[in-house]
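A.B. asks: model.cif is the file, holding mmCIF, C-alpha atoms, pLDDT in the B column; chains and numbers go by the auth columns:
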data_model
loop_
_atom_site.group_PDB
_atom_site.id
_atom_site.type_symbol
_atom_site.label_atom_id
_atom_site.label_comp_id
_atom_site.label_asym_id
_atom_site.label_seq_id
_atom_site.Cartn_x
_atom_site.Cartn_y
_atom_site.Cartn_z
_atom_site.B_iso_or_equiv
_atom_site.auth_seq_id
_atom_site.auth_asym_id
ATOM 1 C CA LEU A 1 0.000 0.000 0.000 50.00 1 A
ATOM 2 C CA PRO A 2 1.188 3.522 -0.680 51.00 2 A
ATOM 3 C CA ASP A 3 2.389 5.562 2.252 55.00 3 A
ATOM 4 C CA PRO A 4 -0.662 7.620 3.395 54.00 4 A
ATOM 5 C CA ARG A 5 1.680 10.405 4.493 52.00 5 A
ATOM 6 C CA ALA A 6 2.650 10.900 0.837 59.00 6 A
ATOM 7 C CA GLY A 7 -0.927 12.104 0.105 63.00 7 A
ATOM 8 C CA LYS A 8 -1.921 9.086 -1.985 70.00 8 A
ATOM 9 C CA GLN A 9 -4.711 6.720 -0.951 81.00 9 A
ATOM 10 C CA HIS A 10 -4.854 3.157 -2.208 86.00 10 A
ATOM 11 C CA ALA A 11 -8.138 2.325 -4.002 86.00 11 A
ATOM 12 C CA SER A 12 -9.050 -0.182 -1.264 86.00 12 A
ATOM 13 C CA TYR A 13 -9.151 2.699 1.234 88.00 13 A
ATOM 14 C CA TYR A 14 -12.522 3.807 -0.216 92.00 14 A
ATOM 15 C CA PHE A 15 -14.256 0.430 0.164 94.00 15 A
ATOM 16 C CA GLN A 16 -16.218 -0.367 3.320 95.00 16 A
ATOM 17 C CA SER A 17 -16.924 -3.778 4.827 97.00 17 A
ATOM 18 C CA ALA A 18 -20.439 -5.071 5.509 97.00 18 A
ATOM 19 C CA SER A 19 -22.182 -8.337 6.424 98.00 19 A
ATOM 20 C CA PHE A 20 -25.576 -9.459 5.134 98.00 20 A
ATOM 21 C CA ALA A 21 -27.870 -12.351 6.051 98.00 21 A
ATOM 22 C CA LYS A 22 -28.997 -15.036 3.638 97.00 22 A
ATOM 23 C CA GLY A 23 -31.760 -13.667 1.400 96.00 23 A
ATOM 24 C CA HIS A 24 -30.593 -10.028 1.511 97.00 24 A
ATOM 25 C CA VAL A 25 -31.527 -8.252 -1.754 96.00 25 A
ATOM 26 C CA PHE A 26 -28.686 -6.077 -3.078 96.00 26 A
ATOM 27 C CA MET A 27 -30.501 -5.012 -6.255 95.00 27 A
ATOM 28 C CA LYS A 28 -34.037 -5.631 -7.482 94.00 28 A
ATOM 29 C CA GLN A 29 -35.024 -6.290 -11.084 94.00 29 A
ATOM 30 C CA GLY A 30 -37.004 -3.421 -12.587 92.00 30 A
ATOM 31 C CA GLN A 31 -35.714 -0.758 -10.190 92.00 31 A
ATOM 32 C CA ALA A 32 -33.005 1.813 -10.876 88.00 32 A
ATOM 33 C CA GLU A 33 -30.289 1.480 -8.258 84.00 33 A
ATOM 34 C CA SER A 34 -27.594 3.833 -6.988 80.00 34 A
ATOM 35 C CA ASP A 35 -24.059 3.438 -8.267 82.00 35 A
ATOM 36 C CA THR A 36 -22.718 0.964 -5.730 91.00 36 A
ATOM 37 C CA ILE A 37 -20.037 -1.632 -6.381 94.00 37 A
ATOM 38 C CA TRP A 38 -19.721 -4.775 -4.256 95.00 38 A
ATOM 39 C CA VAL A 39 -16.965 -7.388 -3.972 96.00 39 A
ATOM 40 C CA VAL A 40 -17.879 -10.711 -2.347 97.00 40 A
ATOM 41 C CA GLN A 41 -15.427 -11.624 0.435 97.00 41 A
ATOM 42 C CA LYS A 42 -17.303 -14.580 1.962 98.00 42 A
ATOM 43 C CA GLY A 43 -20.509 -16.293 0.923 97.00 43 A
ATOM 44 C CA VAL A 44 -22.421 -16.677 -2.331 97.00 44 A
ATOM 45 C CA VAL A 45 -24.453 -14.152 -4.320 97.00 45 A
ATOM 46 C CA GLU A 46 -27.004 -15.147 -6.979 97.00 46 A
ATOM 47 C CA PHE A 47 -28.465 -13.299 -9.963 96.00 47 A
ATOM 48 C CA TRP A 48 -32.127 -14.024 -10.727 95.00 48 A
ATOM 49 C CA HIS A 49 -34.220 -12.957 -13.695 92.00 49 A
ATOM 50 C CA VAL A 50 -38.006 -13.017 -13.817 90.00 50 A
ATOM 51 C CA ASP A 51 -39.412 -13.294 -17.341 81.00 51 A
ATOM 52 C CA PRO A 52 -42.260 -10.900 -18.000 73.00 52 A
ATOM 53 C CA GLU A 53 -45.774 -12.303 -17.782 65.00 53 A
ATOM 54 C CA PRO A 54 -46.791 -13.789 -21.119 59.00 54 A
ATOM 55 C CA LYS A 55 -49.217 -11.630 -23.089 59.00 55 A
ATOM 56 C CA PRO A 56 -52.664 -13.135 -23.537 58.00 56 A
ATOM 57 C CA ASP A 57 -53.231 -14.952 -26.802 56.00 57 A
ATOM 58 C CA PRO A 58 -56.097 -13.174 -28.618 55.00 58 A
ATOM 59 C CA ASP A 59 -57.204 -16.584 -29.917 57.00 59 A
ATOM 60 C CA GLN A 60 -57.575 -17.785 -26.302 53.00 60 A
ATOM 61 C CA ILE A 61 -60.560 -15.744 -25.167 51.00 61 A
ATOM 62 C CA PRO A 62 -61.542 -16.617 -21.605 51.00 62 A
ATOM 63 C CA VAL A 63 -64.690 -18.715 -21.708 48.00 63 A
ATOM 64 C CA ARG A 64 -67.016 -18.991 -18.783 48.00 64 A
ATOM 65 C CA ARG A 65 -68.174 -22.556 -18.387 46.00 65 A
ATOM 66 C CA PRO A 66 -71.118 -23.618 -16.301 46.00 66 A
ATOM 67 C CA PRO A 67 -70.008 -25.128 -13.016 47.00 67 A
ATOM 68 C CA SER A 68 -70.147 -28.860 -12.851 44.00 68 A
ATOM 69 C CA ARG A 69 -71.067 -30.714 -9.693 47.00 69 A
ATOM 70 C CA GLY A 70 -68.536 -29.893 -6.961 44.00 70 A
ATOM 71 C CA ARG A 71 -66.508 -27.486 -9.170 39.00 71 A
ATOM 72 C CA SER A 72 -66.667 -23.743 -9.658 37.00 72 A
ATOM 73 C CA ALA A 73 -66.614 -21.820 -12.937 36.00 73 A
ATOM 74 C CA SER A 74 -63.263 -21.700 -14.669 33.00 74 A
ATOM 75 C CA LEU A 75 -61.602 -19.609 -17.307 32.00 75 A
ATOM 76 C CA GLY A 76 -59.777 -20.766 -20.449 32.00 76 A
ATOM 77 C CA ALA A 77 -56.277 -22.216 -20.417 31.00 77 A
ATOM 78 C CA ARG A 78 -53.532 -20.376 -18.513 27.00 78 A
ATOM 79 C CA PRO A 79 -49.954 -20.096 -19.718 27.00 79 A
ATOM 80 C CA SER A 80 -47.594 -22.491 -18.027 32.00 80 A
ATOM 81 C CA SER A 81 -44.440 -21.587 -16.118 34.00 81 A
ATOM 82 C CA ALA A 82 -41.476 -23.500 -14.802 38.00 82 A
ATOM 83 C CA SER A 83 -43.385 -24.096 -11.599 40.00 83 A
ATOM 84 C CA GLY A 84 -46.611 -24.980 -13.363 41.00 84 A
ATOM 85 C CA ALA A 85 -48.431 -22.299 -11.363 47.00 85 A
ATOM 86 C CA GLY A 86 -49.154 -20.066 -14.348 50.00 86 A
ATOM 87 C CA GLY A 87 -47.048 -17.115 -13.145 57.00 87 A
ATOM 88 C CA PRO A 88 -43.886 -15.640 -14.610 71.00 88 A
ATOM 89 C CA LYS A 89 -40.760 -17.793 -14.824 79.00 89 A
ATOM 90 C CA SER A 90 -37.908 -17.001 -12.458 84.00 90 A
ATOM 91 C CA ARG A 91 -34.496 -18.463 -13.098 87.00 91 A
ATOM 92 C CA ARG A 92 -31.007 -18.173 -11.737 91.00 92 A
ATOM 93 C CA VAL A 93 -28.661 -16.748 -14.351 91.00 93 A
ATOM 94 C CA GLY A 94 -25.472 -16.348 -12.353 92.00 94 A
ATOM 95 C CA VAL A 95 -23.618 -17.108 -9.145 95.00 95 A
ATOM 96 C CA LEU A 96 -20.707 -15.202 -7.610 96.00 96 A
ATOM 97 C CA LEU A 97 -18.282 -16.706 -5.123 97.00 97 A
ATOM 98 C CA PRO A 98 -15.661 -14.895 -3.012 97.00 98 A
ATOM 99 C CA GLY A 99 -13.712 -12.492 -5.196 95.00 99 A
ATOM 100 C CA GLY A 100 -16.702 -11.811 -7.465 96.00 100 A
ATOM 101 C CA LEU A 101 -17.536 -8.200 -8.307 96.00 101 A
ATOM 102 C CA PHE A 102 -21.038 -6.888 -9.013 96.00 102 A
ATOM 103 C CA GLY A 103 -22.879 -3.606 -8.992 94.00 103 A
ATOM 104 C CA SER A 104 -25.531 -1.420 -10.504 87.00 104 A
ATOM 105 C CA LEU A 105 -25.424 -0.450 -14.148 80.00 105 A
ATOM 106 C CA PRO A 106 -23.698 2.833 -15.056 77.00 106 A
ATOM 107 C CA SER A 107 -26.966 4.156 -16.486 82.00 107 A
ATOM 108 C CA PRO A 108 -30.402 5.236 -15.250 85.00 108 A
ATOM 109 C CA ASP A 109 -31.972 2.063 -16.701 87.00 109 A
ATOM 110 C CA PRO A 110 -33.735 -0.309 -14.304 91.00 110 A
ATOM 111 C CA GLU A 111 -31.742 -3.325 -13.197 91.00 111 A
ATOM 112 C CA PRO A 112 -32.309 -6.421 -15.342 92.00 112 A
ATOM 113 C CA PHE A 113 -31.732 -8.832 -12.421 93.00 113 A
ATOM 114 C CA THR A 114 -32.441 -9.304 -8.762 95.00 114 A
ATOM 115 C CA VAL A 115 -29.193 -9.924 -6.888 96.00 115 A
ATOM 116 C CA LEU A 116 -29.467 -11.637 -3.526 96.00 116 A
ATOM 117 C CA ALA A 117 -27.341 -13.342 -0.917 97.00 117 A
ATOM 118 C CA GLN A 118 -27.689 -17.114 -1.287 97.00 118 A
ATOM 119 C CA SER A 119 -25.878 -17.496 2.036 97.00 119 A
ATOM 120 C CA ALA A 120 -24.677 -15.134 4.749 98.00 120 A
ATOM 121 C CA CYS A 121 -22.222 -12.792 2.995 97.00 121 A
ATOM 122 C CA GLU A 122 -19.394 -10.470 3.799 98.00 122 A
ATOM 123 C CA VAL A 123 -18.736 -7.867 1.132 97.00 123 A
ATOM 124 C CA LEU A 124 -16.638 -4.823 0.425 97.00 124 A
ATOM 125 C CA TRP A 125 -18.613 -1.973 -1.116 96.00 125 A
ATOM 126 C CA VAL A 126 -18.054 1.510 -2.441 95.00 126 A
ATOM 127 C CA SER A 127 -20.694 4.203 -3.005 92.00 127 A
ATOM 128 C CA LYS A 128 -20.896 6.568 -5.976 86.00 128 A
ATOM 129 C CA ALA A 129 -19.435 9.435 -3.926 87.00 129 A
ATOM 130 C CA GLU A 130 -16.388 7.380 -3.009 91.00 130 A
ATOM 131 C CA LEU A 131 -16.236 5.760 -6.451 87.00 131 A
ATOM 132 C CA LEU A 132 -15.562 9.188 -7.940 86.00 132 A
ATOM 133 C CA LYS A 133 -12.390 9.377 -5.847 89.00 133 A
ATOM 134 C CA LEU A 134 -10.963 6.241 -7.484 90.00 134 A
ATOM 135 C CA PRO A 135 -8.644 6.468 -10.503 90.00 135 A
ATOM 136 C CA ASN A 136 -10.441 6.974 -13.837 90.00 136 A
ATOM 137 C CA LYS A 137 -8.888 3.864 -15.349 93.00 137 A
ATOM 138 C CA LEU A 138 -10.087 1.721 -12.451 91.00 138 A
ATOM 139 C CA VAL A 139 -13.637 3.136 -12.525 91.00 139 A
ATOM 140 C CA ASN A 140 -13.865 2.656 -16.300 92.00 140 A
ATOM 141 C CA SER A 141 -12.519 -0.912 -16.028 93.00 141 A
ATOM 142 C CA ILE A 142 -15.078 -1.734 -13.322 92.00 142 A
ATOM 143 C CA TYR A 143 -17.956 -0.346 -15.397 91.00 143 A
ATOM 144 C CA GLU A 144 -16.748 -2.105 -18.537 93.00 144 A
ATOM 145 C CA TYR A 145 -16.685 -5.400 -16.623 94.00 145 A
ATOM 146 C CA LEU A 146 -20.192 -4.758 -15.185 92.00 146 A
ATOM 147 C CA VAL A 147 -21.613 -4.048 -18.656 91.00 147 A
ATOM 148 C CA GLN A 148 -19.968 -7.135 -20.184 93.00 148 A
ATOM 149 C CA ALA A 149 -21.113 -9.380 -17.306 94.00 149 A
ATOM 150 C CA THR A 150 -24.657 -7.945 -17.542 91.00 150 A
ATOM 151 C CA LEU A 151 -24.807 -8.537 -21.298 91.00 151 A
ATOM 152 C CA TRP A 152 -23.553 -12.106 -20.812 91.00 152 A
ATOM 153 C CA ARG A 153 -26.266 -12.792 -18.218 91.00 153 A
ATOM 154 C CA LEU A 154 -28.915 -11.146 -20.414 89.00 154 A
ATOM 155 C CA ASN A 155 -27.915 -13.399 -23.291 88.00 155 A
ATOM 156 C CA ARG A 156 -28.559 -16.373 -21.006 84.00 156 A
ATOM 157 C CA THR A 157 -32.117 -15.128 -20.419 83.00 157 A
ATOM 158 C CA ILE A 158 -33.024 -14.235 -23.989 79.00 158 A
ATOM 159 C CA GLU A 159 -32.960 -17.631 -25.754 62.00 159 A
ATOM 160 C CA GLY A 160 -33.923 -16.647 -29.272 42.00 160 A
ATOM 161 C CA ARG A 161 -35.220 -13.142 -28.583 47.00 161 A
ATOM 162 C CA THR A 162 -33.490 -9.934 -29.681 43.00 162 A
ATOM 163 C CA LEU A 163 -31.461 -7.986 -27.111 46.00 163 A
ATOM 164 C CA MET A 164 -33.361 -5.005 -25.776 46.00 164 A
ATOM 165 C CA PRO A 165 -31.829 -1.900 -27.463 44.00 165 A
ATOM 166 C CA SER A 166 -31.889 0.164 -24.249 45.00 166 A
ATOM 167 C CA LEU A 167 -29.474 -2.307 -22.640 45.00 167 A
ATOM 168 C CA ALA A 168 -27.105 -2.579 -25.609 43.00 168 A
ATOM 169 C CA PHE A 169 -24.891 0.347 -24.674 44.00 169 A
ATOM 170 C CA SER A 170 -21.168 0.796 -24.498 43.00 170 A
ATOM 171 C CA VAL A 171 -19.157 2.090 -21.580 44.00 171 A
ATOM 172 C CA GLN A 172 -18.279 5.749 -21.885 46.00 172 A
ATOM 173 C CA PRO A 173 -15.631 7.243 -19.606 46.00 173 A
ATOM 174 C CA LYS A 174 -17.249 9.063 -16.725 47.00 174 A
ATOM 175 C CA SER A 175 -17.086 12.762 -17.604 49.00 175 A
ATOM 176 C CA ASP A 176 -17.531 14.005 -14.034 50.00 176 A
ATOM 177 C CA ILE A 177 -14.205 12.518 -12.909 45.00 177 A
ATOM 178 C CA PRO A 178 -11.214 14.877 -13.158 43.00 178 A
ATOM 179 C CA PRO A 179 -8.175 13.677 -15.149 43.00 179 A
ATOM 180 C CA LEU A 180 -5.442 11.757 -13.360 39.00 180 A
ATOM 181 C CA ASP A 181 -1.721 12.072 -13.434 41.00 181 A
ATOM 182 C CA GLU A 182 -0.342 8.750 -14.775 41.00 182 A
ATOM 183 C CA ASN A 183 1.646 8.185 -11.550 40.00 183 A
ATOM 184 C CA SER A 184 -1.056 9.335 -9.143 37.00 184 A
ATOM 185 C CA LEU A 185 -3.759 7.399 -7.360 36.00 185 A
ATOM 186 C CA ILE A 186 -5.816 10.496 -6.559 38.00 186 A
ATOM 187 C CA PRO A 187 -7.409 12.958 -9.000 38.00 187 A
ATOM 188 C CA HIS A 188 -5.958 16.428 -9.434 37.00 188 A
ATOM 189 C CA ALA A 189 -8.116 19.219 -8.072 36.00 189 A
#
Could you show the structure in this file as structure tokens?
C.D. replies:
Amino acid sequence: LPDPRAGKQHASYYFQSASFAKGHVFMKQGQAESDTIWVVQKGVVEFWHVDPEPKPDPDQIPVRRPPSRGRSASLGARPSSASGAGGPKSRRVGVLLPGGLFGSLPSPDPEPFTVLAQSACEVLWVSKAELLKLPNKLVNSIYEYLVQATLWRLNRTIEGRTLMPSLAFSVQPKSDIPPLDENSLIPHA
């Protein structure tokens, strides 16, 4: 680690430690999240994707049938799911072990996955405010990895469908981060 008296902080200085119980939700599909980056130290984190509810088939108009003895009225056929309950399909599309990095997308788009602790977890995390203090190259590398990992997971969920255009973006360097000196670990003021 660099000598703190020299005025340079190592990138790890900005990360904080936290513990979460099994089932903790880090990010929820469909919601925009704050720019937070997590690194798994202990435990397992899973990525889940819920497919949207199937649209009704216009050829399958609900038909009311007269109740038979001991049964109530029913509607036409329901779409099936993995569970057979007729609801949307939920599937695991990724697992991170210790050393794995994850975080919210570098865009205002809603998250495409729910990320939760599969077991009790210990993580290191950094908020957007502290993230801006990290070197530009590191921040851009982190975001590039997050975009590539997200696209890979999305491809696992698509199976024959076209990628949603709003999620097919490239990483642009963060413009609100001041330039760095090549030998410095902190931005110039």
A.B. asks: Can you list, as number ranges by chain, the residues that the PyMOL selection byres ((chain A and resi 97) around 12) selects here?
C.D. replies: A: 39-47, 94-96, 98-102, 117-123
A.B. asks: Considering only C-alpha atoms, can you say which of A:Thr114, A:Ser104, A:Asn155, A:Ser90 comes closest to Val25 of chain A?
C.D. replies: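 Result for the nearest residue to Val25 of chain A: A:Thr114.
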A.B. asks: Could you tell me how far atom CA of Ser34 of chain A lies from atom CA of Asp109 of chain A, in Å and to one decimal?
C.D. replies: 10.8 Å
A.B. asks: State, in Å with one decimal place, the distance from atom CA of Arg91 of chain A to atom CA of Arg156 of chain A.
C.D. replies: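 For atom CA of Arg91 of chain A relative to atom CA of Arg156 of chain A, the distance reads 10.1 Å.
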A.B. asks: How many Å separate atom CA of Trp48 of chain A from atom CA of Pro112 of chain A?
C.D. replies: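 Atom-to-atom, atom CA of Trp48 of chain A to atom CA of Pro112 of chain A, that is 8.9 Å.
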A.B. asks: Using the chain letters and numbers from the file, give me the residues hit by the PyMOL selection byres ((chain A and resi 110) around 10), as a list of chain:residue names.
C.D. replies: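 Going through the file, the PyMOL selection byres ((chain A and resi 110) around 10) ends up selecting A:Met27, A:Lys28, A:Gln29, A:Gly30, A:Gln31, A:Ala32, A:Glu33, A:Ser104, A:Leu105, A:Ser107, A:Pro108, A:Asp109, A:Glu111, A:Pro112, A:Phe113, A:Leu167.
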A.B. asks: Could you check which of A:Ala18, A:Ile37, A:His10, A:Gly23 is closest to Tyr143 of chain A, using only C-alpha atoms?
C.D. replies: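 That would be A:Ile37, the residue with the smallest distance to Tyr143 of chain A.
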A.B. asks: Write out as a list in words each polymer residue whose atoms come within 9 Å of Leu154 of chain A, counting only C-alpha atoms; drop sequence neighbours fewer than 4 positions from it.
C.D. replies: His49, Val93, Pro112, Phe113, Ala149, Thr150, Ile158 and Leu163 of chain A
A.B. asks: Can you save segment 91-130 of chain A of the given block to a file, including C-alpha atoms and formatted as a CSV table (one decimal), in the first residue's frame?
C.D. replies:
chain,number,residue,atom,x,y,z
A,91,ARG,CA,-34.5,-18.5,-13.1
A,92,ARG,CA,-31.0,-18.2,-11.7
A,93,VAL,CA,-28.7,-16.7,-14.4
A,94,GLY,CA,-25.5,-16.3,-12.4
A,95,VAL,CA,-23.6,-17.1,-9.1
A,96,LEU,CA,-20.7,-15.2,-7.6
A,97,LEU,CA,-18.3,-16.7,-5.1
A,98,PRO,CA,-15.7,-14.9,-3.0
A,99,GLY,CA,-13.7,-12.5,-5.2
A,100,GLY,CA,-16.7,-11.8,-7.5
A,101,LEU,CA,-17.5,-8.2,-8.3
A,102,PHE,CA,-21.0,-6.9,-9.0
A,103,GLY,CA,-22.9,-3.6,-9.0
A,104,SER,CA,-25.5,-1.4,-10.5
A,105,LEU,CA,-25.4,-0.4,-14.1
A,106,PRO,CA,-23.7,2.8,-15.1
A,107,SER,CA,-27.0,4.2,-16.5
A,108,PRO,CA,-30.4,5.2,-15.2
A,109,ASP,CA,-32.0,2.1,-16.7
A,110,PRO,CA,-33.7,-0.3,-14.3
A,111,GLU,CA,-31.7,-3.3,-13.2
A,112,PRO,CA,-32.3,-6.4,-15.3
A,113,PHE,CA,-31.7,-8.8,-12.4
A,114,THR,CA,-32.4,-9.3,-8.8
A,115,VAL,CA,-29.2,-9.9,-6.9
A,116,LEU,CA,-29.5,-11.6,-3.5
A,117,ALA,CA,-27.3,-13.3,-0.9
A,118,GLN,CA,-27.7,-17.1,-1.3
A,119,SER,CA,-25.9,-17.5,2.0
A,120,ALA,CA,-24.7,-15.1,4.7
A,121,CYS,CA,-22.2,-12.8,3.0
A,122,GLU,CA,-19.4,-10.5,3.8
A,123,VAL,CA,-18.7,-7.9,1.1
A,124,LEU,CA,-16.6,-4.8,0.4
A,125,TRP,CA,-18.6,-2.0,-1.1
A,126,VAL,CA,-18.1,1.5,-2.4
A,127,SER,CA,-20.7,4.2,-3.0
A,128,LYS,CA,-20.9,6.6,-6.0
A,129,ALA,CA,-19.4,9.4,-3.9
A,130,GLU,CA,-16.4,7.4,-3.0
